[in-house]
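What follows is entry04.txt (compact mmCIF, C-alpha atoms).
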```txt
# COMPACT_ATOMS: atom_id res chain seq x y z
CA MET K 20 0.00 0.00 0.00
CA ASN K 21 1.32 3.44 -0.92
CA LEU K 22 1.43 5.50 2.28
CA THR K 23 3.06 8.55 0.75
CA LYS K 24 -0.32 9.95 -0.26
CA SER K 25 -2.34 8.84 2.74
CA LYS K 26 -5.32 10.53 4.35
CA THR K 27 -6.53 10.27 7.92
CA VAL K 28 -9.92 8.75 8.72
CA THR K 29 -11.31 8.75 12.22
CA CYS K 30 -13.71 5.99 13.17
CA ARG K 31 -15.14 4.62 16.39
CA LEU K 32 -14.91 0.97 17.39
CA THR K 33 -16.65 -0.79 20.23
CA SER K 34 -14.34 -1.69 23.11
CA PRO K 35 -14.44 -5.45 22.33
CA ASP K 36 -13.63 -4.79 18.65
CA PHE K 37 -10.78 -2.48 19.64
CA GLU K 38 -9.38 -5.09 22.05
CA GLU K 39 -9.55 -7.71 19.31
CA LEU K 40 -7.90 -5.41 16.80
CA SER K 41 -5.15 -4.58 19.30
CA GLY K 42 -4.54 -8.27 19.97
CA HIS K 43 -4.18 -9.08 16.27
CA ALA K 44 -1.95 -6.04 15.81
CA ARG K 45 0.36 -7.15 18.63
CA GLN K 46 0.69 -10.59 17.02
CA ARG K 47 1.84 -8.88 13.83
CA SER K 48 4.12 -6.35 15.53
CA ALA K 49 1.93 -3.54 14.19
CA SER K 50 -0.07 -0.78 15.77
CA PRO K 51 -3.89 -1.01 15.86
CA ALA K 52 -4.00 1.95 13.46
CA GLN K 53 -1.65 0.25 10.96
CA LEU K 54 -3.57 -3.02 11.03
CA GLY K 55 -6.91 -1.19 10.93
CA ALA K 56 -5.81 0.76 7.86
CA ALA K 57 -4.59 -2.40 6.12
CA LEU K 58 -7.85 -4.24 6.86
CA LEU K 59 -9.93 -1.31 5.71
CA ALA K 60 -7.93 -1.00 2.49
CA ARG K 61 -8.39 -4.70 1.79
CA GLN K 62 -12.13 -4.49 2.46
CA ILE K 63 -12.51 -1.45 0.19
CA ARG K 64 -10.73 -3.36 -2.55
CA ALA K 65 -13.08 -6.33 -2.03
CA LEU K 66 -16.07 -4.01 -2.33
CA SER K 67 -14.73 -2.51 -5.56
CA HIS K 68 -13.63 -5.87 -6.99
CA PRO K 69 -15.93 -8.52 -5.49
CA ALA K 70 -14.88 -11.17 -8.01
CA ILE K 71 -11.24 -11.05 -6.92
CA GLU K 72 -9.60 -12.37 -3.76
CA LEU K 73 -6.01 -12.45 -2.54
CA ASP K 74 -4.66 -15.94 -2.03
CA LEU K 75 -1.81 -16.31 0.45
CA SER K 76 0.97 -18.88 0.27
CA PRO K 77 2.58 -20.30 3.43
CA VAL K 78 5.48 -17.86 3.06
CA GLY K 79 3.21 -14.86 2.60
CA HIS K 80 3.13 -14.48 -1.19
CA ALA K 81 -0.26 -12.96 -2.03
CA VAL K 82 -1.67 -13.58 -5.50
CA ALA K 83 -4.88 -12.10 -6.90
CA ARG K 84 -7.23 -14.85 -8.06
CA LEU K 85 -10.82 -15.10 -9.24
CA ARG K 86 -12.99 -15.67 -6.18
CA GLY K 87 -14.19 -19.25 -5.99
CA ARG K 88 -11.90 -20.30 -8.83
CA ARG K 89 -8.19 -21.01 -8.47
CA VAL K 90 -7.30 -18.96 -11.55
CA ALA K 91 -4.88 -16.06 -11.11
CA VAL K 92 -5.68 -12.66 -12.57
CA TRP K 93 -2.28 -12.65 -14.29
CA VAL K 94 -3.15 -15.92 -16.06
CA VAL K 95 -6.37 -14.39 -17.43
CA CYS K 96 -4.42 -11.30 -18.51
CA GLN K 97 -1.77 -13.42 -20.21
CA ASP K 98 -4.47 -15.16 -22.24
CA LEU K 99 -6.15 -11.85 -23.03
CA THR K 100 -2.88 -10.42 -24.31
CA ALA K 101 -2.23 -13.51 -26.42
CA LEU K 102 -5.76 -13.37 -27.80
CA HIS K 103 -5.58 -9.64 -28.59
CA GLY K 104 -8.02 -8.70 -25.83
CA ASP K 105 -10.79 -11.03 -27.01
CA THR K 106 -12.66 -11.74 -23.76
CA LYS K 107 -14.94 -14.34 -25.36
CA ARG K 108 -12.02 -16.45 -26.58
CA ALA K 109 -10.16 -16.06 -23.29
CA ALA K 110 -13.29 -17.17 -21.42
CA ARG K 111 -13.66 -20.19 -23.70
CA GLN K 112 -10.00 -21.13 -23.40
CA LEU K 113 -10.04 -20.98 -19.60
CA ASP K 114 -13.58 -22.35 -19.34
CA LEU K 115 -14.68 -19.27 -17.38
CA PRO K 116 -17.80 -17.11 -17.56
CA GLU K 117 -16.96 -14.01 -19.61
CA PRO K 118 -17.88 -11.59 -16.77
CA LEU K 119 -15.10 -13.14 -14.66
CA VAL K 120 -12.60 -12.47 -17.45
CA GLN K 121 -13.81 -8.88 -17.58
CA ALA K 122 -13.53 -8.61 -13.78
CA ALA K 123 -9.93 -9.82 -13.95
CA ARG K 124 -9.17 -7.24 -16.62
CA ARG K 125 -10.66 -4.43 -14.52
CA TYR K 126 -8.64 -5.50 -11.49
CA ALA K 127 -5.42 -5.66 -13.52
CA ALA K 128 -6.10 -2.18 -14.87
CA ALA K 129 -6.54 -0.89 -11.31
CA PHE K 130 -3.43 -2.61 -9.91
CA PRO K 131 -1.06 -3.13 -12.85
CA GLU K 132 2.16 -3.30 -10.80
CA GLU K 133 0.70 -5.89 -8.47
CA ILE K 134 -0.39 -8.09 -11.38
CA GLU K 135 3.03 -7.75 -13.02
CA GLN K 136 4.59 -9.00 -9.79
CA ASP K 137 2.14 -11.91 -9.65
CA ALA K 138 3.01 -12.79 -13.26
CA ALA K 139 6.73 -12.69 -12.53
CA LEU K 140 6.17 -15.03 -9.58
CA GLY K 141 3.91 -17.32 -11.57
CA ARG K 142 6.29 -17.61 -14.50
CA ARG K 143 9.52 -17.87 -12.51
CA ARG K 144 11.90 -20.64 -13.35
CA ILE K 145 11.85 -23.06 -10.47
CA HIS K 146 15.09 -24.77 -9.62
CA GLU K 147 13.36 -28.07 -9.92
CA ASP K 148 16.38 -30.17 -9.14
CA LEU K 149 16.88 -28.20 -5.92
CA LEU K 150 13.46 -28.90 -4.47
CA PRO K 151 13.99 -31.17 -1.46
CA GLU K 152 11.64 -33.85 -2.70
CA ALA K 153 12.36 -33.57 -6.42
CA LYS K 154 13.76 -36.65 -8.09
CA MET M 39 2.76 -47.76 -13.30
CA LYS M 40 -0.31 -46.24 -14.96
CA PRO M 41 0.08 -42.44 -14.90
CA SER M 42 -2.81 -40.33 -13.71
CA LEU M 43 -2.96 -36.63 -14.59
CA VAL M 44 -5.33 -33.83 -13.64
CA VAL M 45 -5.43 -30.61 -15.68
CA ASP M 46 -5.58 -27.58 -13.41
CA GLU M 47 -8.27 -24.92 -13.81
CA ASP M 48 -5.73 -22.42 -15.18
CA SER M 49 -5.24 -24.69 -18.19
CA PRO M 50 -7.58 -25.65 -21.05
CA PRO M 51 -9.76 -28.62 -20.03
CA ALA M 52 -9.36 -29.90 -23.63
CA LEU M 53 -5.83 -30.89 -22.69
CA ALA M 54 -7.12 -33.89 -20.71
CA PRO M 55 -8.88 -35.69 -23.60
CA ALA M 56 -5.95 -34.81 -25.87
CA VAL M 57 -3.52 -36.63 -23.55
CA GLN M 58 -5.99 -39.47 -23.04
CA LYS M 59 -6.26 -39.94 -26.81
CA LEU M 60 -2.49 -40.24 -27.11
CA ARG M 61 -2.22 -42.66 -24.20
CA PRO M 62 -5.54 -44.50 -23.72
CA GLY M 63 -4.06 -46.55 -20.90
CA TRP M 64 -3.45 -43.46 -18.76
CA GLN M 65 -6.02 -41.55 -16.79
CA ALA M 66 -6.24 -37.88 -17.77
CA THR M 67 -8.99 -35.70 -16.35
CA SER M 68 -9.38 -32.08 -15.30
CA VAL M 69 -10.10 -30.26 -12.06
CA ARG M 70 -13.47 -29.41 -13.62
CA ASP M 71 -14.21 -33.09 -14.40
CA ARG M 72 -13.42 -33.96 -10.80
CA ARG M 73 -15.55 -31.11 -9.44
CA TRP M 74 -12.56 -29.68 -7.61
CA LEU M 75 -12.99 -26.12 -8.91
CA GLY M 76 -11.87 -23.50 -6.41
CA LEU M 77 -10.11 -25.90 -4.06
CA LYS M 78 -7.29 -24.17 -2.24
CA GLU M 79 -3.82 -25.39 -3.20
CA ALA M 80 -3.02 -27.11 0.11
CA THR M 81 -6.27 -29.08 -0.13
CA LEU M 82 -5.84 -29.81 -3.82
CA LEU M 83 -2.32 -31.18 -3.30
CA GLU M 84 -3.61 -33.38 -0.49
CA VAL M 85 -6.48 -34.72 -2.61
CA LEU M 86 -4.17 -35.34 -5.56
CA HIS M 87 -1.71 -37.15 -3.32
CA ALA M 88 -4.50 -39.34 -1.96
CA GLU M 89 -5.56 -40.19 -5.53
CA GLY M 90 -2.01 -40.57 -6.85
CA ALA M 91 -2.68 -38.05 -9.61
CA ALA M 92 -0.17 -35.46 -10.83
CA LEU M 93 -1.26 -31.89 -11.57
CA LEU M 94 -0.75 -30.06 -14.87
CA SER M 95 -0.63 -26.35 -14.12
CA ARG M 96 0.83 -23.09 -15.40
CA ASP M 97 0.92 -20.93 -12.28
CA ARG M 98 4.02 -21.36 -10.13
CA SER M 99 3.27 -18.33 -7.95
CA THR M 100 2.07 -20.02 -4.78
CA LEU M 101 1.90 -23.70 -5.73
CA ASN M 102 5.65 -24.02 -5.35
CA ASP M 103 5.48 -22.62 -1.81
CA TRP M 104 2.89 -25.24 -0.88
CA LEU M 105 5.06 -27.99 -2.38
CA SER M 106 8.01 -26.78 -0.31
CA GLU M 107 5.76 -26.67 2.75
CA ARG M 108 4.76 -30.29 2.20
CA ALA M 109 8.41 -31.26 1.78
CA ALA M 110 9.32 -29.43 5.00
CA LEU M 111 6.63 -31.40 6.83
CA GLY M 112 7.96 -34.65 5.39
CA GLU M 113 4.86 -35.11 3.22
CA GLU M 114 5.06 -36.39 -0.32
CA HIS M 115 3.08 -35.17 -3.30
CA ALA M 116 1.85 -36.80 -6.49
CA GLY M 117 3.84 -34.55 -8.84
CA VAL M 118 3.31 -31.26 -10.62
CA LEU M 119 4.10 -30.51 -14.26
CA PHE M 120 4.16 -26.85 -15.25
CA TRP M 121 3.71 -25.54 -18.76
CA ASP M 122 4.22 -22.05 -20.19
CA LEU M 123 1.86 -20.28 -22.57
CA GLU M 124 4.75 -18.62 -24.41
CA ARG M 125 6.07 -22.05 -25.36
CA TRP M 126 2.75 -23.65 -26.32
CA GLN M 127 0.91 -20.89 -28.14
CA THR M 128 -0.42 -20.92 -31.69
CA ALA M 129 0.08 -17.99 -34.07
CA GLN M 130 -3.51 -16.98 -33.25
CA GLY M 131 -2.70 -16.81 -29.53
CA SER M 132 -4.63 -19.86 -28.34
CA VAL M 133 -3.04 -22.86 -26.63
CA ALA M 134 -1.54 -25.43 -29.00
CA ILE M 135 -3.39 -28.31 -27.35
CA GLY M 136 -2.05 -31.10 -29.59
CA SER M 137 1.60 -30.08 -29.29
CA LEU M 138 1.28 -29.51 -25.57
CA ALA M 139 -0.39 -32.90 -25.08
CA ARG M 140 2.44 -34.63 -26.96
CA ALA M 141 5.00 -32.79 -24.83
CA VAL M 142 3.16 -33.78 -21.65
CA VAL M 143 3.35 -37.43 -22.74
CA ARG M 144 7.08 -37.08 -23.45
CA THR M 145 7.68 -35.49 -20.05
CA VAL M 146 5.71 -38.15 -18.17
CA GLU M 147 7.55 -40.90 -20.02
CA ARG M 148 10.87 -39.25 -19.14
CA PHE M 149 10.03 -40.18 -15.54
CA ASP M 150 8.86 -43.69 -16.58
CA GLY M 151 5.32 -42.66 -15.67
CA ASP M 152 6.17 -42.25 -12.00
CA LEU M 153 5.62 -38.59 -11.12
CA ARG M 154 5.62 -38.94 -7.32
CA ASN M 155 7.45 -35.91 -5.86
CA VAL M 156 8.40 -34.71 -9.33
CA VAL M 157 8.23 -30.99 -10.13
CA ALA M 158 9.09 -30.41 -13.77
CA THR M 159 8.37 -28.14 -16.70
CA VAL M 160 6.83 -29.55 -19.87
CA THR M 161 9.36 -29.04 -22.66
```

Produce structure tokens that represent the structure in this file.
Amino acid sequence: MNLTKSKTVTCRLTSPDFEELSGHARQRSASPAQLGAALLARQIRALSHPAIELDLSPVGHAVARLRGRRVAVWVVCQDLTALHGDTKRAARQLDLPEPLVQAARRYAAAFPEEIEQDAALGRRRIHEDLLPEAK
Amino acid sequence: MKPSLVVDEDSPPALAPAVQKLRPGWQATSVRDRRWLGLKEATLLEVLHAEGAALLSRDRSTLNDWLSERAALGEEHAGVLFWDLERWQTAQGSVAIGSLARAVVRTVERFDGDLRNVVATVT
């Protein structure tokens, strides 16, 4: 989140909610205000892009995916680019409803840097022979 | 060993019948066929392991972290083969299903059909 252009919002929480927020913040070595801002930002994003959710890996990599489908936004965008922006063909190729393809495109347009990072992570060369269990 | 493959939901479901046609003795299905759409990766890997079926996917972003997590916990997996759109794309931009299916067969046969704990890229 870009904090260089931040604004202050004042809101009131019930005491139990504040205690809960403070507890979660302590676990994350953050202040209640920092965690509250992060949660609010995430919720605003979910309201604006209800078809998209952030999927977390065990080491904290977050990747934007279509909600209810394990298809990353960057994958949809890669197909759209290859198919010259044809949402119908991309939907057919990925076996998705076309509105989900359009939702992925809107999200990528709103957060282009984030989707570029997801794509770089998704297309990275894995050192397959170095994986502990790889043959 | 009779290989079993499941095409992930980020890949064309048509890949499964294309592989099956090339190797009728194998079992090739898709996440959609199995009704596993939307399963989280940790769950999907567990289900695939239980069924002894390898996954064909194109998104390494978080799947690799879950594979490493399983390895760290001493748990095995049934194998994951990744493919890249740039490599298997027609001039019109769609996925070259036939070529990709043939490459999947080659890759599986490179491991003598035994993909347990294999993480490899289809080439």

Near-Ala60 of chain K list (12 Å; only C-alpha atoms; drop same-chain fewer than 3 positions) as a list in words: Met20, Asn21, Leu22, Ser25, Lys26, Val28, Gln53, Leu54, Gly55, Ala56, Ala57, Ile63, Arg64, Ala65, Leu66 and Ser67 of chain K

Within 8 Å of chain K, which residues of chain M show up when using only C-alpha atoms, listed as an NGL selection string? :M and (47-51 or 75-78 or 96-101 or 103-104 or 106-107 or 109 or 114 or 122 or 130-133 or 155-158)

For segment 85-90 of chain M: contacts at 8 Å, all atoms listed in the file, fewer than 3 positions along chain excluded, given as JSON, numbers by chain: {"M": [42, 81, 82, 93, 114, 115, 116, 154]}

Between atom CA of Leu119 of chain M and atom CA of Val142 of chain M, distance in Å (one decimal):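 Between atom CA of Leu119 of chain M and atom CA of Val142 of chain M the gap is 8.1 Å.
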
Take atom CA of Trp121 of chain M and atom CA of Arg140 of chain M and report the distance between them in Å, one decimal.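 Spanning atom CA of Trp121 of chain M to atom CA of Arg140 of chain M is a straight-line distance of 12.3 Å.
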
In Å to one decimal, how far is atom CA of Phe120 of chain M from atom CA of Ser95 of chain M?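 Atom CA of Ser95 of chain M sits 4.9 Å away from atom CA of Phe120 of chain M.
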
Check the smallest atom-to-atom distance from each of M:Leu138, M:Ala92, M:Ala66, M:Leu105 to Ala80 of chain M using only C-alpha atoms, then report the winner.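 Closest to Ala80 of chain M of all the choices is M:Leu105.
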
Check the smallest atom-to-atom distance from each of K:Pro35, K:Ser50, K:Glu132, K:Ala70 to Pro116 of chain K using all atoms listed in the file, then report the winner.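 Looking only at the distances to Pro116 of chain K, the closest residue turns out to be K:Ala70.
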